[in-house]
Each structure stands twice: as structure tokens, then as C-alpha cells.
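Peer 1: Quick one, final09.tsv (TSV, C-alpha atoms):
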```
chain	number	residue	atom	x	y	z
A	237	MET	CA	95.61	33.92	269.16
A	238	THR	CA	99.28	34.99	269.21
A	239	ALA	CA	100.62	37.76	271.39
A	240	PHE	CA	101.42	39.88	268.31
A	241	ILE	CA	97.85	39.70	266.99
A	242	ASP	CA	96.44	40.46	270.45
A	243	CYS	CA	98.73	43.48	270.69
A	244	ILE	CA	97.70	44.79	267.26
A	245	LEU	CA	93.99	44.40	268.06
A	246	ILE	CA	94.13	46.05	271.49
A	247	VAL	CA	96.63	48.82	270.77
A	248	GLY	CA	95.52	49.44	267.19
A	249	SER	CA	91.79	49.69	267.92
A	250	THR	CA	92.41	51.95	270.93
A	251	THR	CA	94.61	54.29	268.90
A	252	VAL	CA	92.15	54.53	266.01
A	253	LEU	CA	89.23	55.25	268.36
A	254	SER	CA	91.21	57.92	270.22
A	255	ILE	CA	92.12	59.77	267.01
A	256	ALA	CA	88.52	59.51	265.76
A	257	GLY	CA	87.27	60.94	269.04
A	258	LEU	CA	89.74	63.83	268.83
A	259	TRP	CA	88.61	64.64	265.30
A	260	LEU	CA	84.94	64.67	266.37
A	261	SER	CA	85.65	66.91	269.35
A	262	ARG	CA	87.51	69.40	267.15
A	263	LYS	CA	84.48	69.46	264.85
A	264	ARG	CA	82.02	69.88	267.71
A	265	PHE	CA	83.75	72.49	269.89
A	266	SER	CA	85.33	75.80	268.93
A	267	ARG	CA	88.87	76.89	269.72
A	268	GLN	CA	87.65	79.37	272.36
A	269	GLN	CA	85.62	76.70	274.15
A	270	LEU	CA	88.57	74.32	274.32
A	271	GLU	CA	91.11	76.95	275.36
A	272	SER	CA	88.85	78.01	278.24
A	273	CYS	CA	89.30	74.50	279.72
A	274	HIS	CA	93.10	74.55	279.71
A	275	GLU	CA	93.74	75.81	283.23
A	276	VAL	CA	91.24	73.60	285.09
A	277	GLY	CA	91.64	70.65	282.71
A	278	GLY	CA	95.38	70.46	283.34
A	279	PHE	CA	94.96	70.05	287.11
A	280	LEU	CA	92.17	67.51	286.77
A	281	LEU	CA	94.17	65.49	284.24
A	282	SER	CA	97.07	65.33	286.70
A	283	VAL	CA	94.80	64.02	289.46
A	284	VAL	CA	93.08	61.44	287.26
A	285	GLY	CA	96.37	60.35	285.70
A	286	THR	CA	98.02	59.84	289.11
A	287	LEU	CA	95.14	57.79	290.49
A	288	TYR	CA	95.01	55.68	287.34
A	289	ALA	CA	98.78	55.08	287.44
A	290	ILE	CA	98.46	53.73	291.00
A	291	LEU	CA	95.63	51.40	289.97
A	292	VAL	CA	97.49	50.11	286.90
A	293	GLY	CA	100.69	49.65	288.89
A	294	LEU	CA	98.97	47.49	291.49
A	295	ILE	CA	97.28	45.33	288.85
A	296	VAL	CA	100.49	44.91	286.84
A	297	VAL	CA	102.44	43.85	289.92
A	298	ASN	CA	99.71	41.34	290.81
A	299	SER	CA	99.63	39.97	287.26
A	300	GLN	CA	103.42	39.62	287.10
A	301	GLY	CA	103.36	37.85	290.46
A	302	LYS	CA	100.93	35.35	288.98
A	303	VAL	CA	103.32	34.66	286.11
A	304	ASP	CA	106.26	34.22	288.50
A	305	ALA	CA	104.23	31.83	290.65
A	306	ALA	CA	103.28	29.78	287.57
A	307	SER	CA	106.95	29.45	286.59
A	308	GLN	CA	107.91	28.39	290.12
A	309	MET	CA	105.13	25.82	290.22
A	310	ALA	CA	106.22	24.40	286.86
A	311	VAL	CA	109.76	24.02	288.18
A	312	SER	CA	108.43	22.40	291.34
A	313	GLU	CA	106.24	19.94	289.40
A	314	ALA	CA	109.16	18.82	287.23
A	315	ASN	CA	111.58	18.64	290.16
A	316	MET	CA	109.22	16.58	292.29
A	317	LEU	CA	108.86	14.00	289.52
A	318	THR	CA	112.64	13.66	289.39
A	319	ASN	CA	112.97	13.47	293.18
A	320	ILE	CA	110.32	10.76	293.49
A	321	TYR	CA	111.91	8.79	290.65
A	322	HIS	CA	115.36	8.72	292.25
A	323	LEU	CA	114.18	8.19	295.83
A	324	SER	CA	111.99	5.28	294.77
A	325	ASN	CA	115.11	3.45	293.58
A	326	THR	CA	115.51	2.34	297.18
A	327	PHE	CA	112.18	0.47	297.04
A	328	GLN	CA	111.78	-3.21	296.28
A	329	GLN	CA	110.34	-4.60	293.07
A	330	PRO	CA	107.67	-4.56	291.70
A	331	ALA	CA	106.74	-1.32	293.51
A	332	ARG	CA	109.80	0.50	292.17
A	333	HIS	CA	108.97	-0.39	288.58
A	334	GLU	CA	105.32	0.63	288.95
A	335	ILE	CA	106.26	4.00	290.44
A	336	HIS	CA	108.70	4.66	287.61
A	337	LYS	CA	106.06	3.68	285.06
A	338	HIS	CA	103.52	6.11	286.53
A	339	ILE	CA	106.10	8.92	286.59
A	340	TYR	CA	106.94	8.28	282.93
A	341	ASP	CA	103.26	8.23	281.94
A	342	TYR	CA	102.70	11.44	283.90
A	343	ALA	CA	105.60	13.22	282.17
A	344	VAL	CA	104.38	12.17	278.72
A	345	ALA	CA	100.79	13.25	279.40
A	346	VAL	CA	101.70	16.57	280.97
A	347	ILE	CA	103.83	17.62	278.00
A	348	ASP	CA	101.77	16.22	275.13
A	349	GLN	CA	98.31	17.11	276.43
A	350	ASP	CA	97.99	19.09	279.68
A	351	TRP	CA	100.43	21.87	278.82
A	352	ALA	CA	99.19	22.17	275.26
A	353	ARG	CA	95.70	22.93	276.54
A	354	VAL	CA	96.55	25.08	279.53
A	355	GLU	CA	98.55	27.43	277.27
A	356	GLU	CA	95.25	28.14	275.50
A	357	GLY	CA	93.52	28.94	278.77
A	358	LEU	CA	91.73	25.57	278.79
A	359	GLU	CA	91.88	22.63	281.19
A	360	LYS	CA	93.12	19.14	280.44
A	361	GLU	CA	93.52	16.33	282.97
A	362	ALA	CA	95.32	13.66	280.99
A	363	THR	CA	97.65	13.12	283.94
A	364	ILE	CA	94.86	11.87	286.22
A	365	PRO	CA	95.41	8.09	285.71
A	366	ALA	CA	99.18	8.34	286.21
A	367	TYR	CA	98.76	10.76	289.13
A	368	GLN	CA	96.26	8.52	290.92
A	369	GLY	CA	98.35	5.44	290.22
A	370	LEU	CA	101.41	7.13	291.67
A	371	TRP	CA	99.57	8.02	294.88
A	372	LYS	CA	98.14	4.54	295.16
A	373	GLU	CA	101.48	2.80	294.65
A	374	ILE	CA	103.33	5.00	297.12
A	375	THR	CA	100.75	4.99	299.90
A	376	ARG	CA	100.39	1.21	299.93
A	377	TYR	CA	104.12	0.54	299.99
A	378	VAL	CA	105.56	-0.65	303.31
A	379	PRO	CA	109.24	0.26	303.86
A	380	ALA	CA	111.41	-2.74	304.68
A	381	ASN	CA	114.29	-0.99	306.49
A	382	ASP	CA	115.46	2.35	307.88
A	383	LYS	CA	116.85	3.54	304.56
A	384	GLU	CA	113.54	2.92	302.80
A	385	SER	CA	111.67	4.56	305.67
A	386	GLN	CA	113.69	7.76	305.35
A	387	CYS	CA	113.26	7.86	301.57
A	388	TYR	CA	109.57	7.02	301.93
A	389	SER	CA	109.03	9.97	304.28
A	390	THR	CA	110.73	12.31	301.81
A	391	ILE	CA	108.70	10.94	298.91
A	392	LEU	CA	105.45	11.67	300.74
A	393	GLY	CA	106.50	15.32	301.09
A	394	ASN	CA	107.51	15.45	297.43
A	395	ILE	CA	104.25	14.04	296.14
A	396	GLU	CA	102.35	16.59	298.23
A	397	GLU	CA	104.34	19.36	296.55
A	398	LEU	CA	103.67	17.72	293.19
A	399	SER	CA	99.94	17.78	293.96
A	400	ALA	CA	100.03	21.47	294.89
A	401	ALA	CA	101.91	22.41	291.70
A	402	ARG	CA	99.57	20.33	289.55
A	403	LYS	CA	96.50	21.87	291.18
A	404	TYR	CA	97.84	25.37	290.62
A	405	ARG	CA	98.44	24.60	286.94
A	406	MET	CA	94.89	23.34	286.53
A	407	VAL	CA	93.18	26.39	288.02
A	408	ALA	CA	95.51	29.37	287.48
A	409	ALA	CA	94.73	29.76	283.78
A	410	LYS	CA	91.04	30.22	284.61
A	411	GLY	CA	91.43	32.76	287.40
A	412	GLY	CA	91.52	36.04	285.48
A	413	LEU	CA	90.87	39.61	286.51
A	414	SER	CA	87.35	40.23	287.76
A	415	PRO	CA	84.86	41.98	285.42
A	416	VAL	CA	84.62	44.87	287.90
A	417	LEU	CA	88.36	45.54	287.75
A	418	TRP	CA	88.34	45.28	283.97
A	419	ALA	CA	85.52	47.83	283.84
A	420	VAL	CA	87.41	50.24	286.11
A	421	LEU	CA	90.65	49.74	284.19
A	422	ILE	CA	89.14	50.37	280.77
A	423	SER	CA	86.91	53.24	281.94
A	424	GLY	CA	89.86	54.97	283.61
A	425	GLY	CA	91.96	54.74	280.47
A	426	ALA	CA	89.09	56.06	278.37
A	427	MET	CA	88.62	59.05	280.69
A	428	ILE	CA	92.29	59.99	280.44
A	429	VAL	CA	92.09	59.95	276.63
A	430	LEU	CA	88.90	62.02	276.79
A	431	PHE	CA	90.66	64.59	278.97
A	432	THR	CA	93.17	65.20	276.16
A	433	TYR	CA	90.29	66.42	273.99
A	434	PHE	CA	89.77	69.45	276.28
A	435	PHE	CA	93.00	71.02	275.07
A	436	PHE	CA	93.58	72.88	271.84
A	437	VAL	CA	96.74	72.76	269.73
A	438	GLU	CA	96.93	74.86	266.57
A	439	SER	CA	98.08	71.90	264.53
A	440	PHE	CA	95.58	69.04	264.53
A	441	ILE	CA	98.30	66.61	263.44
A	442	ALA	CA	100.51	67.57	266.39
A	443	GLN	CA	97.65	67.10	268.85
A	444	ALA	CA	96.66	63.83	267.17
A	445	ILE	CA	100.21	62.50	267.58
A	446	MET	CA	100.26	63.44	271.28
A	447	THR	CA	96.86	61.85	271.84
A	448	MET	CA	98.01	58.77	269.94
A	449	PHE	CA	101.04	58.42	272.23
A	450	VAL	CA	98.80	58.60	275.31
A	451	ALA	CA	96.43	56.00	273.86
A	452	ILE	CA	99.28	53.66	272.90
A	453	PHE	CA	100.86	53.87	276.35
A	454	LEU	CA	97.58	53.20	278.14
A	455	SER	CA	96.60	50.35	275.82
A	456	LEU	CA	100.02	48.70	276.20
A	457	ASN	CA	99.43	48.52	279.95
A	458	VAL	CA	95.99	47.00	279.36
A	459	TYR	CA	97.57	44.53	276.91
A	460	LEU	CA	100.22	43.53	279.46
A	461	ILE	CA	97.56	42.88	282.09
A	462	TYR	CA	95.47	40.95	279.56
A	463	ILE	CA	98.17	38.47	278.54
A	464	CYS	CA	99.28	37.94	282.15
A	465	GLN	CA	95.79	36.73	283.09
A	466	ASN	CA	96.82	33.34	281.68
A	467	PRO	CA	100.31	32.86	283.15
A	468	TYR	CA	100.80	29.78	280.98
A	469	ARG	CA	100.75	31.56	277.64
A	470	PRO	CA	103.75	30.39	275.57
A	471	GLU	CA	105.12	33.95	275.38
A	472	LEU	CA	105.55	34.12	279.17
A	473	GLY	CA	107.77	31.03	279.38
A	474	ALA	CA	106.21	29.24	282.36
A	475	LYS	CA	106.35	25.85	280.64
A	476	ASN	CA	110.00	26.28	279.66
A	477	ALA	CA	110.86	26.96	283.28
A	478	GLY	CA	109.93	23.42	284.27
A	479	PHE	CA	109.12	21.26	281.26
A	480	GLY	CA	110.98	23.01	278.46
A	481	TYR	CA	114.47	23.12	277.07
A	482	SER	CA	116.20	19.77	277.81
A	483	PHE	CA	113.37	18.11	279.76
A	484	THR	CA	112.32	14.75	278.36
A	485	PRO	CA	110.08	11.97	279.71
A	486	ASN	CA	112.72	9.46	278.62
A	487	TRP	CA	114.58	10.28	281.82
A	488	TYR	CA	111.96	8.23	283.65
A	489	LYS	CA	111.67	5.36	281.21
A	490	ASP	CA	112.51	2.04	282.90
A	491	LYS	CA	113.37	-1.24	281.33
A	492	PRO	CA	110.56	-3.82	281.39
A	493	LEU	CA	110.28	-5.52	284.79
A	494	ALA	CA	110.95	-8.99	283.34
A	495	GLU	CA	114.18	-7.75	281.74
A	496	THR	CA	115.25	-6.09	284.97
A	497	GLU	CA	114.66	-9.24	287.02
A	498	SER	CA	116.46	-11.31	284.39
A	499	GLY	CA	119.47	-9.02	284.52
A	500	GLY	CA	119.50	-9.22	288.30
A	501	LYS	CA	119.50	-13.03	288.28
A	502	GLU	CA	122.32	-13.16	285.74
A	503	SER	CA	124.36	-10.78	287.84
A	504	THR	CA	123.77	-12.91	290.95
A	505	THR	CA	124.74	-16.09	289.09
A	506	GLY	CA	127.93	-14.50	287.80
A	507	THR	CA	128.85	-13.44	291.31
A	508	LYS	CA	128.43	-16.97	292.63
A	509	GLN	CA	130.65	-18.35	289.89
```
Show me, as C-alpha cells, the structure contained in the file I just sent.
Peer 2:
Amino acid sequence: MTAFIDCILIVGSTTVLSIAGLWLSRKRFSRQQLESCHEVGGFLLSVVGTLYAILVGLIVVNSQGKVDAASQMAVSEANMLTNIYHLSNTFQQPARHEIHKHIYDYAVAVIDQDWARVEEGLEKEATIPAYQGLWKEITRYVPANDKESQCYSTILGNIEELSAARKYRMVAAKGGLSPVLWAVLISGGAMIVLFTYFFFVESFIAQAIMTMFVAIFLSLNVYLIYICQNPYRPELGAKNAGFGYSFTPNWYKDKPLAETESGGKESTTGTKQ
């Protein structure tokens, strides 16, 4: 479901219900009954509104932090692939070619399958074969000199960061707000709207517009928290931070190993001549 449709459903339904509730309350209670609640109702509404604003503020900050973390992890995942690719150029064949192949396969799978599913709040692990192959190839490689040893040590740190970013991507979309917090959030918003029914304005239309504004503002906050529960929704831009814009798996595409070795031999022969 798109962000626009979600917004219409959440904000629209809340607004309609709030106006319907106001109409029913005006039918049920007389002007004198409602006006008698003005003095006490105003103070209580201030208290409830302040407490609710604190609660919503904390949840919004937490939700936005989740989105920021998802973007940072996406950048880290893409950067670590690039780092491992370039650092592995110091390795001997055929290990270098195999590492590059696994990185290319990983990049293709993560864009074509993993990200497409995680944006829907689902889980896809198409990168598992390439990820496991990359670990296997790196951990069994034995550096031949000091330069390879230094690069190898850095690669180990990079693949650990890659693992952390990948793990975060796999689980973050499923870790939403707890049902208890949702219940408190929705109940608090409903109580604030209900408090507006204890006041009487001569013009029903004027009071309905004011109540509508309150309902829209509250439901927009709920909507913001709702979409941020999956930090990988396309509207939030986490994918574009790491794997969007100009990113392409072709960066990691190597020539076939046989062609590479052939080119190396020809170059050596030409040097001897």
C-alpha cells in the first residue's frame, strides 16, 4: 500500500469518526450541560494534551532514529562491498576472482530480491549463498606477504560490518511498535478528541471544523509513527542512501578467470620480447 493511500485511510477515517462523534454528542447533550463543563474541561484538556504530546514526541523521535539507522546501515552495507572488492585486488588468483564473483552475486541479489521484499515489510534472504561464499573464501585465504596481511586484516573488519548491516536489514522491518504502545497511543488520541465534545460553540460547523483540525493533527502523528515502523519503506529513502541512485552491481563484475589469466600471460610475453 502506498504512503498516500495509508494517509487517506488513517487521517480520513479518524476525521470522519470525530465529526460523527461530535454530531452525536450535540444530539445527546443540551447546551446548558455542555457549557457547565467549560471551566473544568479546559484545565483537564490541557493536562491530557500535554501528557499526550510528551508521549507522541518520544515515540516520533524513536521512530525517526530507526529510519536514520536504516539509512546508515544501507550505506555501510554498500560501502563494505566496495571496500572488500578493492582490497581483495591484492590477493592472488583464483581467490581474488572468487571473492569478486561473490560480491557481484551479492549486489545483484540484494537489489533485485532482498530490497524489493524488505520494502514491503517482508524478509528475503537471496544473498545467503553469496554471503556464505564470501565468508568462506576470505577466511580460508592465507596472505602471502605483508601487504596482503594488512589488506586481509582490514577485509575481516569490513566483512564484520557488512554482516551487521545485513542483519539489521533483515530484522528491522519486523520490529514494530509494541501492541501496548499502539493501544496507549490510539486511546490517548481518542480521549483528546472526546474532550473537545465537552465544549459548546453556537455554530456547529465552526466547532466541527475545530474538532476536525484536532483530529487531523493527531492522526498525522499516528500516521508518521506508523510508516516509520518499517524504516525501509520506499518513501523514507533508506535504500537510495546505499543502493540507489548511481549504484550498480556492474562495478563488481570481473572478467572470466580464464580471460584474465590469458591477458596476464600475453602481457608477460610482451615484456620479455
Peer 1: Can you work out the spacing between CA of Ile255 (chain A) and CA of Phe434 (chain A) in Å, to one decimal?
Peer 2: 13.6 Å
Peer 1: So how many Å separate CA of Ala362 (chain A) and CA of Ala345 (chain A), to one decimal?
Peer 2: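 Distance between the two atoms: 5.7 Å.
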Peer 1: Find, counting only C-alpha atoms, the residue in A:Phe453, A:Phe327, A:Tyr459, A:Tyr488 that gets nearest to Thr251 (chain A).
Peer 2: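 Comparing A:Phe453, A:Phe327, A:Tyr459, A:Tyr488 against Thr251 (chain A), the winner is A:Phe453.
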Peer 1: Do a neighbour search on region 399-412 of chain A at 6 Å with all atoms listed in the file, toss out local chain neighbours closer than 3 positions, and write the hits as number ranges by chain.
Peer 2: A: 309, 313, 357, 396, 465-466
Peer 1: Excluding region 336-338 of chain A and residues on its chain fewer than 6 positions from it, collect all residues at most 8 Å away from it, counting all atoms listed in the file, and give them as a ChimeraX atom specification.
Peer 2: /A:321,324,366-367,369-370,488-490
Peer 1: Name the closest residue to Leu317 (chain A) among the candidates A:Val378, A:Leu392, A:Ile339, A:Leu417; distances are taken between atoms, counting all atoms listed in the file.
Peer 2: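 Result for the nearest residue to Leu317 (chain A): A:Ile339.
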Peer 1: I'd like the interatomic distance between CA of Ser455 (chain A) and CA of Ile246 (chain A), to a tenth of an Å.
Peer 2: 6.6 Å
Peer 1: Neighbouring residues of Leu323 (chain A) were defined as those with any atom within 8 Å, considering only C-alpha atoms; residues of the same chain fewer than 3 positions away were excluded. Please report them as a list in words.
Peer 2: Asn319, Ile320, Thr326, Cys387, Tyr388 and Ile391 of chain A
Peer 1: If you keep C-alpha atoms, can you produce a file of those selected residues as a PDB file, in the coordinates of the input?
Peer 2:
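Everything below was put into selection36.pdb:
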```
ATOM      1  CA  ASN A 319     112.970  13.470 293.180  1.00  0.00           C
ATOM      2  CA  ILE A 320     110.320  10.760 293.490  1.00  0.00           C
ATOM      3  CA  THR A 326     115.510   2.340 297.180  1.00  0.00           C
ATOM      4  CA  CYS A 387     113.260   7.860 301.570  1.00  0.00           C
ATOM      5  CA  TYR A 388     109.570   7.020 301.930  1.00  0.00           C
ATOM      6  CA  ILE A 391     108.700  10.940 298.910  1.00  0.00           C
TER       7      ILE A 391
END
```
Peer 1: Of the candidates A:Ile295, A:Gly478, A:Ile441, A:Ser389, which one gets nearest to Leu421 (chain A) if we count all atoms listed in the file?
Peer 2: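 Comparing A:Ile295, A:Gly478, A:Ile441, A:Ser389 against Leu421 (chain A), the winner is A:Ile295.
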Peer 1: What are the centre and edge lengths in Å, to one decimal, of the axis-aligned box around all listed atoms of region 461-474 of chain A with 6 Å added on each side, as lines of an AutoDock Vina configuration file?
Peer 2:
```
center_x = 101.6
center_y = 36.1
center_z = 279.3
size_x = 24.3
size_y = 25.6
size_z = 19.8
```
Peer 1: May I have the residues within 12 Å of Val247 (chain A) as a PyMOL selection string, using all atoms listed in the file and disregarding those fewer than 6 positions away in the same chain?
Peer 2: chain A and resi 239-241+253-254+448-460+462
Peer 1: Can you pull out every residue within 12 Å of Leu294 (chain A), counting only C-alpha atoms, but drop anything in the same chain fewer than 4 positions away, and send it as a tab-separated table (two decimals) with C-alpha atoms, in the coordinates of the input?
Peer 2:
```tsv
chain	number	residue	atom	x	y	z
A	287	LEU	CA	95.14	57.79	290.49
A	288	TYR	CA	95.01	55.68	287.34
A	289	ALA	CA	98.78	55.08	287.44
A	290	ILE	CA	98.46	53.73	291.00
A	298	ASN	CA	99.71	41.34	290.81
A	299	SER	CA	99.63	39.97	287.26
A	300	GLN	CA	103.42	39.62	287.10
A	301	GLY	CA	103.36	37.85	290.46
A	417	LEU	CA	88.36	45.54	287.75
A	421	LEU	CA	90.65	49.74	284.19
A	457	ASN	CA	99.43	48.52	279.95
A	461	ILE	CA	97.56	42.88	282.09
```
Peer 1: Could you tell me which of A:Ile335, A:Arg262, A:Ile445, A:Leu413 comes closest to His322 (chain A) if we count all atoms listed in the file?
Peer 2: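 Residue with the minimum atom-to-atom distance to His322 (chain A): A:Ile335.
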Peer 1: Show me as a list in words the residues that reach within 6 Å of (88.3, 69.3, 280.8), counting only C-alpha atoms and using the file's own coordinates.
Peer 2: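 Residues found, by chain and rising number: Cys273, Gly277, Phe431 and Phe434 of chain A.
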Peer 1: Please supply region 245-262 of chain A, rebuilt with N, CA and C atoms, as a tab-separated table (two decimals), in the coordinates of the input.
Peer 2:
```
chain	number	residue	atom	x	y	z
A	245	LEU	N	95.42	44.15	267.88
A	245	LEU	CA	93.99	44.40	268.06
A	245	LEU	C	93.73	45.39	269.19
A	246	ILE	N	94.40	45.20	270.33
A	246	ILE	CA	94.13	46.05	271.49
A	246	ILE	C	94.70	47.45	271.28
A	247	VAL	N	95.98	47.52	270.92
A	247	VAL	CA	96.63	48.82	270.77
A	247	VAL	C	96.11	49.55	269.53
A	248	GLY	N	95.97	48.80	268.43
A	248	GLY	CA	95.52	49.44	267.19
A	248	GLY	C	94.11	50.00	267.29
A	249	SER	N	93.18	49.21	267.81
A	249	SER	CA	91.79	49.69	267.92
A	249	SER	C	91.68	50.87	268.88
A	250	THR	N	92.43	50.83	269.97
A	250	THR	CA	92.41	51.95	270.93
A	250	THR	C	92.93	53.23	270.29
A	251	THR	N	94.02	53.11	269.54
A	251	THR	CA	94.61	54.29	268.90
A	251	THR	C	93.67	54.89	267.87
A	252	VAL	N	93.07	54.05	267.04
A	252	VAL	CA	92.15	54.53	266.01
A	252	VAL	C	90.95	55.24	266.64
A	253	LEU	N	90.39	54.63	267.70
A	253	LEU	CA	89.23	55.25	268.36
A	253	LEU	C	89.60	56.59	269.01
A	254	SER	N	90.80	56.67	269.57
A	254	SER	CA	91.21	57.92	270.22
A	254	SER	C	91.37	59.05	269.21
A	255	ILE	N	91.95	58.75	268.04
A	255	ILE	CA	92.12	59.77	267.01
A	255	ILE	C	90.75	60.18	266.44
A	256	ALA	N	89.86	59.21	266.25
A	256	ALA	CA	88.52	59.51	265.76
A	256	ALA	C	87.78	60.40	266.74
A	257	GLY	N	87.92	60.11	268.04
A	257	GLY	CA	87.27	60.94	269.04
A	257	GLY	C	87.82	62.35	269.06
A	258	LEU	N	89.13	62.50	268.87
A	258	LEU	CA	89.74	63.83	268.83
A	258	LEU	C	89.20	64.62	267.64
A	259	TRP	N	89.11	63.98	266.50
A	259	TRP	CA	88.61	64.64	265.30
A	259	TRP	C	87.17	65.12	265.50
A	260	LEU	N	86.33	64.29	266.12
A	260	LEU	CA	84.94	64.67	266.37
A	260	LEU	C	84.85	65.83	267.34
A	261	SER	N	85.70	65.82	268.37
A	261	SER	CA	85.65	66.91	269.35
A	261	SER	C	86.09	68.23	268.74
A	262	ARG	N	87.07	68.18	267.83
A	262	ARG	CA	87.51	69.40	267.15
A	262	ARG	C	86.41	69.93	266.23
```
